[in-house]
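> Below: one structure in structure tokens.
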Amino acid sequence: MSRRSGILEFAVLGLLRESPMHGYELRKRLNTSLGVFRAFSYGTLYPCLKSLVASGWLIEEPGSAPEDALAASLAGRRAKIVYRLTAEGKEHFEELLSHTGPDTWEDEHFAARFAFFGQTEREVRMRVLEGRRSRLEERLEKMRASLARTRERLDDYTLELQRHGMESVEREVRWLNELIESERAGRDQRRPDDRAAGGQASGDQTSGDQGGLPRHRGTTPPDPSDDTAN
């Protein structure tokens, strides 16, 4: 499985965990909610869905309203197929959510992972955020070294493009620093409550704890191509 198809499968499972959908609804959600999938087409999505069905992670169901199926039949059209997550599919998605390997820090995969942080445990979120920050700091160091070596050979426009790229990475590093500090603050605030509850963690043991998300920020990573970000 390619990395790109793996990201798509992850996103499809995550969206279907929220509610069953048919293919058109899924594609719309992928395009509007997860910008990384704007270029994906039905020709990419449906083979992915068939693969997930074959793996036992999804099941296909006819449209829920019988009159809709009848109307589609009379009009010579096929009734829409609704895709539903199975118990095995939910378990598989939760395993994927717990993964924090280096691929989760890369540009496309990180954006998809971040979109489902509301379903991700706090400690996993922290590892992914810290890994992403480390990867970007490495990238920034290489960009600075490259610019120092080639500055004299670059024309003004190429030099400005290099600076723009560095500033974009620097903005994301600052954004990640804020997220990480907020996650840590949220975790620390819950510790007295956890002790009062007899040592049972109220936030770290469940998915969807968003207590560490900065309220003044959006829920999507900065776009490196957007030069209007602060």
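Residue numbering restarts at 1 for every chain of the structure tokens, chains are lettered A, B, ... in their displayed order, and ligands are numbered from 1 as they appear.
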Counting only C-alpha atoms, what is within 12 Å of Glu91 in chain A, bar same-chain residues fewer than 2 positions away, as a short mmCIF file (atom, residue, chain, number, x, y, z; two decimals) with N, CA, C and O atoms, in the first residue's frame?

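Full text of out16.cif as output:
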data_model
loop_
_atom_site.label_atom_id
_atom_site.label_comp_id
_atom_site.auth_asym_id
_atom_site.auth_seq_id
_atom_site.Cartn_x
_atom_site.Cartn_y
_atom_site.Cartn_z
N LEU A 13 -11.99 5.90 7.06
CA LEU A 13 -12.40 5.21 8.30
C LEU A 13 -12.77 6.22 9.38
O LEU A 13 -13.75 6.03 10.11
N GLY A 14 -12.01 7.30 9.48
CA GLY A 14 -12.30 8.29 10.50
C GLY A 14 -13.62 9.00 10.27
O GLY A 14 -14.39 9.23 11.21
N ARG A 17 -16.47 6.69 11.01
CA ARG A 17 -16.66 6.46 12.44
C ARG A 17 -17.67 7.45 13.00
O ARG A 17 -18.39 7.16 13.96
N GLY A 56 -13.10 -6.24 5.43
CA GLY A 56 -14.03 -6.43 6.53
C GLY A 56 -14.16 -5.22 7.44
O GLY A 56 -14.78 -5.32 8.50
N TRP A 57 -13.61 -4.08 7.02
CA TRP A 57 -13.65 -2.88 7.86
C TRP A 57 -14.87 -2.02 7.55
O TRP A 57 -15.24 -1.17 8.37
N LEU A 58 -15.47 -2.21 6.38
CA LEU A 58 -16.70 -1.52 6.01
C LEU A 58 -17.71 -2.54 5.49
O LEU A 58 -17.34 -3.61 5.03
N LEU A 85 -19.09 1.64 9.03
CA LEU A 85 -17.93 1.07 9.70
C LEU A 85 -18.34 -0.16 10.50
O LEU A 85 -19.33 -0.13 11.23
N THR A 86 -17.60 -1.25 10.38
CA THR A 86 -17.86 -2.44 11.17
C THR A 86 -17.12 -2.34 12.51
O THR A 86 -16.30 -1.45 12.72
N ALA A 87 -17.41 -3.28 13.39
CA ALA A 87 -16.69 -3.31 14.68
C ALA A 87 -15.20 -3.50 14.44
O ALA A 87 -14.36 -2.89 15.11
N GLU A 88 -14.87 -4.37 13.46
CA GLU A 88 -13.45 -4.58 13.13
C GLU A 88 -12.84 -3.32 12.55
O GLU A 88 -11.67 -3.00 12.80
N GLY A 89 -13.63 -2.59 11.75
CA GLY A 89 -13.13 -1.35 11.17
C GLY A 89 -12.86 -0.29 12.23
O GLY A 89 -11.87 0.44 12.17
N PHE A 93 -9.28 1.38 13.02
CA PHE A 93 -9.06 2.82 13.03
C PHE A 93 -8.44 3.28 14.34
O PHE A 93 -7.55 4.13 14.36
N GLU A 94 -8.88 2.71 15.45
CA GLU A 94 -8.31 3.08 16.75
C GLU A 94 -6.84 2.68 16.83
O GLU A 94 -6.04 3.38 17.45
N GLU A 95 -6.49 1.57 16.19
CA GLU A 95 -5.07 1.19 16.13
C GLU A 95 -4.28 2.21 15.33
O GLU A 95 -3.17 2.59 15.71
N LEU A 96 -4.85 2.67 14.21
CA LEU A 96 -4.18 3.68 13.39
C LEU A 96 -4.04 4.99 14.17
O LEU A 96 -3.01 5.66 14.06
N LEU A 97 -5.06 5.35 14.94
CA LEU A 97 -4.99 6.57 15.73
C LEU A 97 -3.86 6.53 16.75
O LEU A 97 -3.29 7.56 17.09
N SER A 98 -3.55 5.36 17.25
CA SER A 98 -2.51 5.24 18.28
C SER A 98 -1.10 5.23 17.70
O SER A 98 -0.13 5.32 18.44
#
> Out of range 32-167 of chain A, which residues get helix (DSSP H, G or I) from DSSP, as a PyMOL selection string?
chain A and resi 32-33+35-37+42-54+66-74+87-97+102-105+107-115+117-119+122-153+156-167
> Would you list the contacts of Met126 in chain A as a list in words, taking every protein, DNA or RNA residue within 12 Å and counting only C-alpha atoms, but skipping same-chain residues closer than 6 positions in sequence?
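Contacts, with the query itself left out: Ser98, His99, Thr100, Trp105, Phe114, Phe117, Thr120, Arg132, Arg133, Leu176, Asn177, Glu178, Leu179, Ile180, Glu181, Ser182, Glu183, Arg184, Ala185, Gly186, Arg187, Asp204, Gln210, Gly212 and Leu213 of chain A.
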> Determine the nearest neighbour of Met143 in chain A from the options A:Val128, A:Ile59, A:His164, A:Tyr157, counting only C-alpha atoms.
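Using only C-alpha atoms, Met143 in chain A sits closest to A:His164.
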> From the list A:Ser19, A:Thr44, A:Ser33, A:Ser51, which residue is nearest Lys90 in chain A when using only C-alpha atoms?
A:Ser19
> Please determine, counting only C-alpha atoms, which residue among A:His22, A:Glu138, A:Ala111, A:Gly101 has the shortest atom-to-atom distance to Val124 in chain A.
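Under the stated criterion, the closest residue is A:Gly101.
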> When you count only C-alpha atoms, which of these residues is closest to Glu170 in chain A: A:Lys50, A:Lys28, A:Arg144, A:Arg153?
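Smallest distance to Glu170 in chain A is found for A:Arg144.
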> For Ala11 in chain A, please output as an mmCIF file with all heavy atoms, in the first residue's frame all residues within 8 Å (counting only C-alpha atoms; exclusion window: fewer than 3 positions along the same chain).

data_model
loop_
_atom_site.group_PDB
_atom_site.id
_atom_site.type_symbol
_atom_site.label_atom_id
_atom_site.label_comp_id
_atom_site.auth_asym_id
_atom_site.auth_seq_id
_atom_site.Cartn_x
_atom_site.Cartn_y
_atom_site.Cartn_z
ATOM 1 N N ILE A 7 -3.133 7.118 3.664
ATOM 2 C CA ILE A 7 -3.730 8.321 4.259
ATOM 3 C C ILE A 7 -5.208 8.387 3.923
ATOM 4 O O ILE A 7 -6.049 8.725 4.763
ATOM 5 C CB ILE A 7 -3.011 9.588 3.744
ATOM 6 C CG1 ILE A 7 -1.539 9.566 4.142
ATOM 7 C CG2 ILE A 7 -3.681 10.838 4.274
ATOM 8 C CD1 ILE A 7 -0.712 10.650 3.485
ATOM 9 N N LEU A 8 -5.564 8.047 2.673
ATOM 10 C CA LEU A 8 -6.966 8.087 2.268
ATOM 11 C C LEU A 8 -7.788 7.079 3.059
ATOM 12 O O LEU A 8 -8.895 7.390 3.523
ATOM 13 C CB LEU A 8 -7.081 7.807 0.769
ATOM 14 C CG LEU A 8 -8.497 7.794 0.195
ATOM 15 C CD1 LEU A 8 -9.190 9.133 0.434
ATOM 16 C CD2 LEU A 8 -8.476 7.459 -1.297
ATOM 17 N N GLY A 14 -12.007 7.296 9.484
ATOM 18 C CA GLY A 14 -12.296 8.293 10.501
ATOM 19 C C GLY A 14 -13.618 9.001 10.267
ATOM 20 O O GLY A 14 -14.385 9.229 11.206
ATOM 21 N N LEU A 15 -13.915 9.345 9.019
ATOM 22 C CA LEU A 15 -15.182 10.001 8.713
ATOM 23 C C LEU A 15 -16.366 9.067 8.936
ATOM 24 O O LEU A 15 -17.412 9.478 9.448
ATOM 25 C CB LEU A 15 -15.173 10.511 7.268
ATOM 26 C CG LEU A 15 -14.244 11.697 6.987
ATOM 27 C CD1 LEU A 15 -14.220 12.011 5.505
ATOM 28 C CD2 LEU A 15 -14.670 12.927 7.779
ATOM 29 N N LEU A 30 -14.225 14.838 2.343
ATOM 30 C CA LEU A 30 -12.778 14.796 2.121
ATOM 31 C C LEU A 30 -12.293 16.090 1.483
ATOM 32 O O LEU A 30 -11.234 16.611 1.834
ATOM 33 C CB LEU A 30 -12.413 13.604 1.233
ATOM 34 C CG LEU A 30 -12.523 12.219 1.874
ATOM 35 C CD1 LEU A 30 -12.441 11.134 0.808
ATOM 36 C CD2 LEU A 30 -11.435 12.009 2.922
ATOM 37 N N ALA A 112 -3.884 15.027 7.864
ATOM 38 C CA ALA A 112 -4.998 14.092 8.065
ATOM 39 C C ALA A 112 -5.092 13.676 9.527
ATOM 40 O O ALA A 112 -6.189 13.600 10.096
ATOM 41 C CB ALA A 112 -4.815 12.869 7.170
#
> Here is a test: counting only C-alpha atoms, which residue of A:Val53, A:Leu45, A:Leu159, A:Leu140 is nearest to Glu172 in chain A?
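Residue with the minimum atom-to-atom distance to Glu172 in chain A: A:Leu140.
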